[in-house]
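Step one of this worksheet: look at the structure below.
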There are 2 protein chains.
Amino acid sequence: MRILVIEDEHKIANSIKKGLQQESFAVDAIYNGTEGYDLASTEDYDLIVLDLLLPGMDGLEICKKLRDKQIHTPIIMLTAKDQVEDKVKGLNSGADDYLAKPFAFEELLARIRALARRPKNTITNTLAIEDLTLDTENFVVKRAEKMIELSKKEFSLLEYLMRHPGQILTKDQIINHVWDYDADVLPNTVEVYIGYLRKKIDNSFKNKTILIHTHRGFGYKIGSPK
Amino acid sequence: MRILVIEDEHKIANSIKKGLQQESFAVDAIYNGTEGYDLASTEDYDLIVLDLLLPGMDGLEICKKLRDKQIHTPIIMLTAKDQVEDKVKGLNSGADDYLAKPFAFEELLARIRALARRPKNTITNTLAIEDLTLDTENFVVKRAEKMIELSKKEFSLLEYLMRHPGQILTKDQIINHVWDYDADVLPNTVEVYIGYLRKKIDNSFKNKTILIHTHRGFGYKIGSPK
DNA sequence: TAATCTTCTCAGCCAATTTTCAGCCAAAAA
DNA sequence: TTTTTGGCTGAAAATTGGCTGAGAAGATTA
């Protein structure tokens, strides 16, 4: 799956690129509109992440030109929150989805997954580890068939952990994925949220295996054994 | 159920595609007339959604050609409002139904359901949750046998909720389904309408179960338990 | 045309969630 | 063993999301 990111703010472009690569997509990042358009129209990408405001040629224009050229690659448009989202939508640019800045990386990932969810429902949208399940579409989390109520952040954090089972994730990684890219939260916040999750999915099931593990100095991991 | 969407405005084509897939139809979208015609005449679809104005070959022409070829796949024709609907109808192109742009997705869905209901009235058109019923054909809503008067929007929102019982629907999803695709309403509007519905179907029945539930940060859900 | 109904936005309120802080404990290092 | 560091946790503070009454604007009906 090849993805092209056209975004002039290097910080954002690179964090998107890094994040997507980590999810094993092949990513090219380009920092201005004209070059972006050239690449998009000559190379064959599976998806384009496109900033609305760009030097050279702006997002709307790129989008329209590509569609005019009968290039139907799915496009996700990034818009600054105050950039009159609605107007953009009305303008019929041909983008497939919109995402307001600043966003959490997992948010972008969710939309990419939605667009990539090609023809059939071949893709499961339920993640599972042991008897813990998380339905990404209906926002339902259960352990041993028992419903667990989570807040939005808790859910998002758990989803991130469960998409990387058995893998140690550092607090930094967690912050970069689960929180808005310009949010500026302390690592302690992650600890607090891990605490919340534990209370709900481990502590409430005393006789069950512990699923959330701390690796002191490294990070957290979800999975059966330590 | 395989559906072919022939529509050159990507925004519309894709939102239809996405919405129909969510309803678990298998959907192909094609953005120009010629290709659309080729697909429609070679592949075997159960239904075609066809825009009137298209690059390549326009909707009327496609329609006629298909009928000439003895292809009787049901066709829903999309027409811009000012495109003199009546004239189109008069032209007897062979389409089975017409829908004026811009439309709410649920509107299209209703017509698709109607056409799919072809082989006799095998399908119930009354939705029910506990003692709340909604007759999609006669636009009658009752709780505990008591009639409830709803406005058009309220009805449409309730229908959408009731077609997805027990499922959390986000405000975005709701807006995309219940409002015209180019409408540009705030999420707060959904809150307000949920409020109206609650007043009529929950608050008026103090001794009954509450049916409309909020899941803070996620969306709304209709169903018996929380 | 006036009266009424419907749709939608806005602003203020309240409650739930998110985030920080400070003190504590346990593991690792010295 | 002592010290240091990293992580845990209860509680308070800050922020956000959702609800609601009021009302403007548009649509429909009488």
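We name chains A, B, ... following the order of the structure tokens; residues begin at 1 in each chain, and ligands are numbered from 1 as shown.
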
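Counting only C-alpha atoms, every residue of chain B that comes within 6 Å of chain A is listed here: His10, Lys11, Ile168, Asp182 and Gly217 of chain B.
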
With 12 Å as the limit and counting only C-alpha atoms (C1' of nucleotides), what residues in chain A lie close to chain C? Please list them as a PDB file with N, CA and C atoms, in the first residue's frame.
```
ATOM      1  N   LEU A 150     -15.814   2.385  28.277  1.00  0.00           N
ATOM      2  CA  LEU A 150     -14.590   3.172  28.260  1.00  0.00           C
ATOM      3  C   LEU A 150     -14.883   4.575  27.757  1.00  0.00           C
ATOM      4  N   SER A 151     -14.080   5.524  28.230  1.00  0.00           N
ATOM      5  CA  SER A 151     -14.177   6.873  27.657  1.00  0.00           C
ATOM      6  C   SER A 151     -13.453   6.853  26.315  1.00  0.00           C
ATOM      7  N   LYS A 152     -13.566   7.960  25.608  1.00  0.00           N
ATOM      8  CA  LYS A 152     -12.976   8.045  24.280  1.00  0.00           C
ATOM      9  C   LYS A 152     -11.463   7.817  24.307  1.00  0.00           C
ATOM     10  N   LYS A 153     -10.791   8.491  25.195  1.00  0.00           N
ATOM     11  CA  LYS A 153      -9.329   8.367  25.269  1.00  0.00           C
ATOM     12  C   LYS A 153      -8.929   6.966  25.686  1.00  0.00           C
ATOM     13  N   GLU A 154      -9.629   6.449  26.665  1.00  0.00           N
ATOM     14  CA  GLU A 154      -9.342   5.092  27.101  1.00  0.00           C
ATOM     15  C   GLU A 154      -9.483   4.131  25.933  1.00  0.00           C
ATOM     16  N   TRP A 179      -2.663  10.970  21.113  1.00  0.00           N
ATOM     17  CA  TRP A 179      -3.002  12.374  21.351  1.00  0.00           C
ATOM     18  C   TRP A 179      -2.810  13.219  20.093  1.00  0.00           C
ATOM     19  N   ALA A 183      -0.758  18.359  20.874  1.00  0.00           N
ATOM     20  CA  ALA A 183      -1.055  18.270  22.300  1.00  0.00           C
ATOM     21  C   ALA A 183       0.267  18.120  23.013  1.00  0.00           C
ATOM     22  N   ASP A 184       0.245  18.479  24.269  1.00  0.00           N
ATOM     23  CA  ASP A 184       1.529  18.550  24.917  1.00  0.00           C
ATOM     24  C   ASP A 184       1.265  18.054  26.319  1.00  0.00           C
ATOM     25  N   VAL A 185       1.176  16.745  26.393  1.00  0.00           N
ATOM     26  CA  VAL A 185       0.822  16.104  27.657  1.00  0.00           C
ATOM     27  C   VAL A 185       2.040  15.440  28.279  1.00  0.00           C
ATOM     28  N   LEU A 186       1.990  15.315  29.565  1.00  0.00           N
ATOM     29  CA  LEU A 186       3.092  14.702  30.298  1.00  0.00           C
ATOM     30  C   LEU A 186       3.031  13.187  30.163  1.00  0.00           C
ATOM     31  N   PRO A 187       4.181  12.555  30.255  1.00  0.00           N
ATOM     32  CA  PRO A 187       4.187  11.086  30.217  1.00  0.00           C
ATOM     33  C   PRO A 187       3.310  10.524  31.331  1.00  0.00           C
ATOM     34  N   ASN A 188       3.225  11.273  32.400  1.00  0.00           N
ATOM     35  CA  ASN A 188       2.407  10.810  33.516  1.00  0.00           C
ATOM     36  C   ASN A 188       0.954  10.604  33.108  1.00  0.00           C
ATOM     37  N   THR A 189       0.507  11.410  32.159  1.00  0.00           N
ATOM     38  CA  THR A 189      -0.877  11.247  31.694  1.00  0.00           C
ATOM     39  C   THR A 189      -1.097   9.834  31.166  1.00  0.00           C
ATOM     40  N   VAL A 190      -0.102   9.331  30.453  1.00  0.00           N
ATOM     41  CA  VAL A 190      -0.224   7.974  29.940  1.00  0.00           C
ATOM     42  C   VAL A 190      -0.324   6.996  31.108  1.00  0.00           C
ATOM     43  N   GLU A 191       0.511   7.211  32.112  1.00  0.00           N
ATOM     44  CA  GLU A 191       0.469   6.331  33.280  1.00  0.00           C
ATOM     45  C   GLU A 191      -0.917   6.325  33.900  1.00  0.00           C
ATOM     46  N   VAL A 192      -1.475   7.524  34.002  1.00  0.00           N
ATOM     47  CA  VAL A 192      -2.807   7.617  34.589  1.00  0.00           C
ATOM     48  C   VAL A 192      -3.815   6.821  33.768  1.00  0.00           C
ATOM     49  N   TYR A 193      -3.742   6.970  32.456  1.00  0.00           N
ATOM     50  CA  TYR A 193      -4.702   6.262  31.609  1.00  0.00           C
ATOM     51  C   TYR A 193      -4.499   4.757  31.634  1.00  0.00           C
ATOM     52  N   TYR A 196      -6.307   3.663  34.523  1.00  0.00           N
ATOM     53  CA  TYR A 196      -7.757   3.546  34.294  1.00  0.00           C
ATOM     54  C   TYR A 196      -8.094   2.240  33.582  1.00  0.00           C
ATOM     55  N   HIS A 215       6.832  -2.492  31.325  1.00  0.00           N
ATOM     56  CA  HIS A 215       8.245  -2.853  31.218  1.00  0.00           C
ATOM     57  C   HIS A 215       9.046  -1.639  31.614  1.00  0.00           C
ATOM     58  N   ARG A 216       9.374  -1.606  32.867  1.00  0.00           N
ATOM     59  CA  ARG A 216      10.036  -0.460  33.474  1.00  0.00           C
ATOM     60  C   ARG A 216      11.190   0.067  32.613  1.00  0.00           C
ATOM     61  N   GLY A 217      11.116   1.339  32.341  1.00  0.00           N
ATOM     62  CA  GLY A 217      12.181   1.951  31.543  1.00  0.00           C
ATOM     63  C   GLY A 217      11.927   1.854  30.050  1.00  0.00           C
TER      64      GLY A 217
END
```

What lies within 10 Å of Ile129 in chain A using only C-alpha atoms (C1' of nucleotides), ignoring chain neighbours under 5 positions off, as a VMD selection string? chain A and resid 134 143 162 to 163 165 to 166 211 222 to 224

Nearest to Asn14 in chain B among A:Val27, A:Met57, A:Ile75, A:Ala40, with distances taken over only C-alpha atoms: which residue is it?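 Comparing A:Val27, A:Met57, A:Ile75, A:Ala40 against Asn14 in chain B, the winner is A:Ile75.
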
Neighbours of Leu54 in chain A within 7 Å (only C-alpha atoms (C1' of nucleotides); same-chain residues fewer than 3 positions away dropped), as a short mmCIF file (atom, residue, chain, number, x, y, z; two decimals) with all heavy atoms, in the first residue's frame?
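Here's the written file selection_15.cif:
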```cif
data_model
loop_
_atom_site.label_atom_id
_atom_site.label_comp_id
_atom_site.auth_asym_id
_atom_site.auth_seq_id
_atom_site.Cartn_x
_atom_site.Cartn_y
_atom_site.Cartn_z
N GLU A 7 2.17 17.89 2.27
CA GLU A 7 1.96 18.73 3.46
C GLU A 7 3.20 19.57 3.66
O GLU A 7 4.31 19.04 3.70
CB GLU A 7 1.72 17.80 4.66
CG GLU A 7 1.96 18.42 6.02
CD GLU A 7 0.91 19.44 6.40
OE1 GLU A 7 -0.26 19.04 6.58
OE2 GLU A 7 1.25 20.64 6.50
N ASP A 8 3.01 20.88 3.77
CA ASP A 8 4.20 21.74 3.82
C ASP A 8 4.82 21.87 5.20
O ASP A 8 5.99 22.19 5.32
CB ASP A 8 3.90 23.12 3.23
CG ASP A 8 2.88 23.87 4.07
OD1 ASP A 8 1.84 23.27 4.39
OD2 ASP A 8 3.12 25.04 4.41
N ASN A 32 5.55 20.57 -1.07
CA ASN A 32 4.86 21.66 -1.75
C ASN A 32 3.92 21.15 -2.83
O ASN A 32 4.06 20.03 -3.33
CB ASN A 32 5.85 22.68 -2.31
CG ASN A 32 6.50 22.20 -3.57
OD1 ASN A 32 5.88 22.19 -4.63
ND2 ASN A 32 7.74 21.76 -3.45
N GLY A 33 2.97 22.01 -3.17
CA GLY A 33 1.86 21.59 -4.01
C GLY A 33 2.25 21.14 -5.41
O GLY A 33 1.79 20.11 -5.88
N ASP A 51 -2.80 18.26 2.27
CA ASP A 51 -3.12 19.43 3.08
C ASP A 51 -3.87 20.44 2.21
O ASP A 51 -3.63 20.54 1.01
CB ASP A 51 -1.82 20.06 3.59
CG ASP A 51 -2.11 21.14 4.64
OD1 ASP A 51 -3.17 21.05 5.28
OD2 ASP A 51 -1.28 22.04 4.79
N MET A 57 0.69 24.99 -5.20
CA MET A 57 -0.66 24.73 -5.69
C MET A 57 -1.44 24.21 -4.50
O MET A 57 -0.96 23.34 -3.80
CB MET A 57 -0.57 23.66 -6.79
CG MET A 57 -1.84 23.44 -7.57
SD MET A 57 -1.72 21.97 -8.64
CE MET A 57 -0.39 22.38 -9.75
N ASP A 58 -2.61 24.76 -4.25
CA ASP A 58 -3.24 24.33 -3.01
C ASP A 58 -4.04 23.03 -3.16
O ASP A 58 -4.25 22.53 -4.26
CB ASP A 58 -4.05 25.46 -2.36
CG ASP A 58 -5.46 25.56 -2.88
OD1 ASP A 58 -5.86 24.70 -3.67
OD2 ASP A 58 -6.15 26.51 -2.48
N GLY A 59 -4.43 22.50 -2.02
CA GLY A 59 -5.03 21.17 -1.99
C GLY A 59 -6.23 21.02 -2.88
O GLY A 59 -6.34 20.04 -3.63
#
```

Up to 9 Å from chain A, what residues of chain D turn up? Count only C-alpha atoms (C1' of nucleotides) and give them as JSON, numbers by chain. {"D": [6, 7, 8, 9]}

Write a file of the selected residues as a PDB file, in the first residue's frame, keeping N, CA and C atoms (P, O5', C5', C4', C3', O3' and C1' of nucleotides).
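Full text of part15.pdb as output:
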```
ATOM      1  P    DG D   6      14.376   7.769  35.113  1.00  0.00           P
ATOM      2  O5'  DG D   6      13.168   6.772  35.369  1.00  0.00           O
ATOM      3  C5'  DG D   6      13.407   5.368  35.358  1.00  0.00           C
ATOM      4  C4'  DG D   6      12.096   4.672  35.609  1.00  0.00           C
ATOM      5  C3'  DG D   6      10.937   5.262  34.801  1.00  0.00           C
ATOM      6  O3'  DG D   6      10.194   4.172  34.282  1.00  0.00           O
ATOM      7  C1'  DG D   6      10.441   5.389  37.123  1.00  0.00           C
ATOM      8  P    DG D   7       8.864   4.390  33.551  1.00  0.00           P
ATOM      9  O5'  DG D   7       7.843   4.053  34.722  1.00  0.00           O
ATOM     10  C5'  DG D   7       7.896   2.760  35.319  1.00  0.00           C
ATOM     11  C4'  DG D   7       6.808   2.649  36.363  1.00  0.00           C
ATOM     12  C3'  DG D   7       5.401   2.962  35.854  1.00  0.00           C
ATOM     13  O3'  DG D   7       4.551   1.953  36.362  1.00  0.00           O
ATOM     14  C1'  DG D   7       5.882   4.262  37.742  1.00  0.00           C
ATOM     15  P    DC D   8       3.020   1.946  36.090  1.00  0.00           P
ATOM     16  O5'  DC D   8       2.421   2.368  37.504  1.00  0.00           O
ATOM     17  C5'  DC D   8       2.549   1.466  38.594  1.00  0.00           C
ATOM     18  C4'  DC D   8       1.812   2.041  39.783  1.00  0.00           C
ATOM     19  C3'  DC D   8       0.336   2.327  39.508  1.00  0.00           C
ATOM     20  O3'  DC D   8      -0.422   1.659  40.510  1.00  0.00           O
ATOM     21  C1'  DC D   8       1.412   4.250  40.426  1.00  0.00           C
ATOM     22  P    DT D   9      -1.992   1.727  40.523  1.00  0.00           P
ATOM     23  O5'  DT D   9      -2.341   3.048  41.323  1.00  0.00           O
ATOM     24  C5'  DT D   9      -1.843   3.203  42.653  1.00  0.00           C
ATOM     25  C4'  DT D   9      -2.460   4.451  43.263  1.00  0.00           C
ATOM     26  C3'  DT D   9      -3.891   4.725  42.809  1.00  0.00           C
ATOM     27  O3'  DT D   9      -4.638   5.110  43.949  1.00  0.00           O
ATOM     28  C1'  DT D   9      -2.552   6.606  42.422  1.00  0.00           C
TER      29       DT D   9
END
```

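One finds CA of Ala110 in chain B at 25.7 Å from CA of Ala144 in chain B.
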
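By chain and then residue number, the residues within 7 Å of Thr126 in chain A are Thr133, Leu134, Asp135 and Thr136 of chain A, counting only C-alpha atoms (C1' of nucleotides) and disregarding those fewer than 6 positions away in sequence.
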
If you run DSSP on the backbone here, which positions in range 1-177 of chain B get alpha helix (DSSP H)? Please write them as a PyMOL selection string. chain B and resi 10-22+33-42+59-68+85-90+105-116+152-162+171-177

Selection near Leu39 in chain B, 10 Å with only C-alpha atoms (C1' of nucleotides), sequence-local residues under 3 positions removed, as a PyMOL selection string: chain B and resi 4+6+28+30+33-36+42-45

The selected residues should be written to file as a short mmCIF file (atom, residue, chain, number, x, y, z; two decimals), in the first residue's frame (atoms: N, CA and C atoms).
```
data_model
loop_
_atom_site.label_atom_id
_atom_site.label_comp_id
_atom_site.auth_asym_id
_atom_site.auth_seq_id
_atom_site.Cartn_x
_atom_site.Cartn_y
_atom_site.Cartn_z
N LEU B 4 -24.14 -0.73 -8.97
CA LEU B 4 -23.19 0.08 -9.73
C LEU B 4 -23.60 1.55 -9.65
N ILE B 6 -22.89 5.21 -11.19
CA ILE B 6 -22.24 5.96 -12.27
C ILE B 6 -22.49 7.44 -12.02
N ASP B 28 -19.71 -0.84 -6.86
CA ASP B 28 -18.67 -0.31 -7.73
C ASP B 28 -19.04 1.11 -8.10
N ILE B 30 -18.11 4.31 -10.71
CA ILE B 30 -17.43 4.64 -11.96
C ILE B 30 -17.73 6.10 -12.25
N GLY B 33 -19.34 8.22 -18.13
CA GLY B 33 -20.42 7.52 -18.80
C GLY B 33 -20.01 6.31 -19.62
N THR B 34 -18.98 6.48 -20.39
CA THR B 34 -18.59 5.40 -21.29
C THR B 34 -18.22 4.14 -20.51
N GLU B 35 -17.30 4.33 -19.56
CA GLU B 35 -16.91 3.18 -18.74
C GLU B 35 -18.10 2.61 -18.00
N GLY B 36 -18.94 3.52 -17.54
CA GLY B 36 -20.12 3.09 -16.81
C GLY B 36 -20.99 2.19 -17.65
N THR B 42 -21.76 -5.35 -19.29
CA THR B 42 -21.04 -6.62 -19.25
C THR B 42 -21.19 -7.33 -17.91
N GLU B 43 -21.13 -6.55 -16.83
CA GLU B 43 -21.25 -7.16 -15.50
C GLU B 43 -22.72 -7.31 -15.12
N ASP B 44 -22.94 -8.10 -14.12
CA ASP B 44 -24.31 -8.40 -13.73
C ASP B 44 -24.65 -7.72 -12.39
N TYR B 45 -25.28 -6.56 -12.48
CA TYR B 45 -25.63 -5.84 -11.25
C TYR B 45 -27.11 -6.03 -10.90
#
```

For CA of Glu130 in chain A and CA of Thr209 in chain A, determine how far apart the two atoms are, in Å to one decimal place.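 Answer for the CA of Glu130 in chain A to CA of Thr209 in chain A separation: 8.8 Å.
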
Write down as an mmCIF file with N, CA and C atoms, in the first residue's frame the residues belonging to range 30-66 of chain B that are assigned strand (DSSP E or B) by DSSP computed on the backbone.
```cif
data_model
loop_
_atom_site.group_PDB
_atom_site.id
_atom_site.type_symbol
_atom_site.label_atom_id
_atom_site.label_comp_id
_atom_site.auth_asym_id
_atom_site.auth_seq_id
_atom_site.Cartn_x
_atom_site.Cartn_y
_atom_site.Cartn_z
ATOM 1 N N ILE B 30 -18.110 4.311 -10.706
ATOM 2 C CA ILE B 30 -17.431 4.638 -11.958
ATOM 3 C C ILE B 30 -17.729 6.100 -12.253
ATOM 4 N N LEU B 47 -28.666 -3.492 -9.370
ATOM 5 C CA LEU B 47 -29.237 -2.149 -9.407
ATOM 6 C C LEU B 47 -28.193 -1.148 -9.869
ATOM 7 N N ILE B 48 -28.648 -0.118 -10.569
ATOM 8 C CA ILE B 48 -27.719 0.912 -11.037
ATOM 9 C C ILE B 48 -28.195 2.281 -10.578
ATOM 10 N N VAL B 49 -27.282 3.044 -9.994
ATOM 11 C CA VAL B 49 -27.567 4.431 -9.648
ATOM 12 C C VAL B 49 -26.854 5.280 -10.686
ATOM 13 N N LEU B 50 -27.612 6.068 -11.403
ATOM 14 C CA LEU B 50 -27.082 6.685 -12.607
ATOM 15 C C LEU B 50 -27.307 8.185 -12.606
ATOM 16 N N ASP B 51 -26.228 8.945 -12.746
ATOM 17 C CA ASP B 51 -26.378 10.391 -12.831
ATOM 18 C C ASP B 51 -26.848 10.769 -14.226
#
```
